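Just below is one structure, and these are the notes that go with it.
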Amino acid sequence: MRNLRGTQTAAILAALTAVAVLPTSAQAYDPGLPEVTATSETPALYGDDAGGNADADDPAIWRNAADPDASLVIATAKEGGLRVYDLAGKEVQSIPAPPAPAPDDKPGRFNNVDLISGFPLPTGRADVAVVTDRGRDHLRIYRITPGAARPLTDITDPNAPLVFSRSQDEVNDQATPYGLATWKDKATGRSYAVVSQRSRTRLALLELTTTPGGAVTYRQVRTYDLPASFTLPDGTSWTPCTDPGDLPQVEGMVVDPVNKVLYAGQEDVGIWRLPAGLGGRPKLIDKVREYGVPATYDEATEECVAGADPGYGGTHLSADVEGLTLLDEGSGDGYLLASSQGDDTFAAYDREVSEDNEYESGFRITAGTVDGSEECDGAAVLNAPLGSRYPNGLLVVQDGHNTPDETDADGEVRDNTDFKFVDLGTVTGALDEDD
């Protein structure tokens with residue numbers, strides 16, 4: 001059952017028709033966008049049996065306040081579990097995803113990761129990493145121990161509930177946790193995770209709590225369903241083309257704790273802004289270029305075949321919109337960054353809600369010391385000094401097509417992915433130059 005009431009849905013659709021129609025770009029991306037290069041990269045991950053079905057997806061950056069040079073990047077590798085890297089991109093810890101509970105069940109599959117600082121535990125406050133386990137329909141929580149040889153320790157309550165499913169059969173259907181954004185309410189001290197549901201439009205607000213034994217669990221506070229179909233300016237209805245039975249899902253998300261707003265990237269639609277507590281009406285702040293384009297699913301090719309573009313889409317994002325992250329410049333200033341996966345670029349929006357999150361600029365990450373980033377799935381930014389390597393801060397992005405390619409013994413190409421590390425100073429310099 002949809003959590004949205006009919007009146008809410010009608011209001012949202014009416015609001016969408018009032019959004020100014022933006023012309024569709026005739027180019028895949030703006031060739032005038034500034035380019036930046038990565039300084040280092042992590043080891044390649046391989047999504048085949050030999051590589052443990054590991055696939056780079058989403059990063060988070062943890063700052064060691066006592067020793068910024070010892071800061072870490074924590075990243076998901078899907079069935080490959082979780083990887084922890086130092087600032088040189090060297091792997092310092094690998095955590096496997098949980099096995100399947102039974103032979104015919106799905107194994108763990110880690111999709112997105114985010115951090116909570118100062119989470120209350122019986123032993124004192126600690127920073128924790130929160131992960132969506134898409135395979136097993138859970139959140140996984142890991143305590144971060146500064147300076148430890150194995151810095152992450154699983155402190156998830158073994159009795160933590162399923163997030164979206166009611167049975168193992170439903171878990172195996174994999175309409176399970178996908179995207180993730182964590183935040184702390186400074187007024188109450190409570191910690192939350194906003195989780196999106198794979199192949200659905202649903203968002204769930206979960207409160208994280210500590211058990212008497214010191215483990216961490218969660219409870220559902222409320223859910224909210226974003227629209228799955230949209231009224232276009234010509235009065236017709238449009239639904240993004242997806243695999244049969246699927247709805248247009250959300251993955252990339254981030255919360256601005258100052259403004260208490262959530263930004264959610266509905267992959268084939270655009271970027272929504274709504275209250276972080278999921279208690280109010282969302283607003284579509286930008287649309288992908290493909291918004292409104294009719295398409296039909298071709299069962300033979302298992303692809304969507306697009307029709308004529310009516311020109312109702314945006315100009316800055318090409319589906320999928322992914323990897324939302326907040327570049328905090330203090331005093332409420334900064335940028336919302338979004339990965340435009342379809343054209344290998346990144347878009348930057350004004351953080352200020354009063355400015356209606358106006359588009360400011362964009363950039364591309366191209367080949368330099370290492371190759372650039374293509375088909376980026378996840379991104380994380382931290383605007384704080386990170387020792388001698390990154391005194392200006394750091395941007396970490398997933399590279400969905402890492403090069404050079406590697407071949408196996410049979411001469412078959414092994415597709416591989418990794419994460420690229422970019423000096424944040426080059427990014428802010430490019431954005432300022434392009435203003």
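Lettering and numbering for the structure tokens are positional, with chains as A, B, ... in the shown order, residues counted from 1 in each chain, and ligands counted from 1 in the shown order.
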
*Quick one: everything within 9 Å of Pro248 of chain A, counting only C-alpha atoms, minus sequence neighbours fewer than 6 positions away in the same chain. Send it as JSON, numbers by chain.*
{"A": [199, 200, 201, 227, 228, 229, 239, 240, 241, 242, 266, 267, 268, 269]}

_Residue neighbourhood segment 389-402 of chain A, 7 Å, only C-alpha atoms, exclusion window fewer than 3 positions, as a ChimeraX atom specification_ = /A:56-59,373-386,416-425

*Interatomic distance, atom CA of Glu412 of chain A to atom CA of Ala300 of chain A (Å, one decimal)*: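 Interatomic distance here is 24.2 Å.
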
_Residues within 8 Å of segment 250-257 of chain A, only C-alpha atoms, excluding chain neighbours under 4 positions, as a list of chain:residue names_ =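 That gives A:Tyr178, A:Gly179, A:Leu180, A:Ala181, A:Thr182, A:Trp183, A:Lys184, A:Asp185, A:Ser196, A:Gln197, A:Arg198, A:Arg200, A:Thr201, A:Val261, A:Leu262, A:Tyr263, A:Ala264, A:Gly265, A:Gln266, A:Glu267, A:Ala276, A:Val321, A:Glu322, A:Gly323, A:Leu324, A:Thr325, A:Leu326, A:Gly378.
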
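Taking only C-alpha atoms into account, Val216 of chain A lies nearest to A:Pro158 out of the set A:Gly311, A:Gly235, A:Pro158, A:Gly147.
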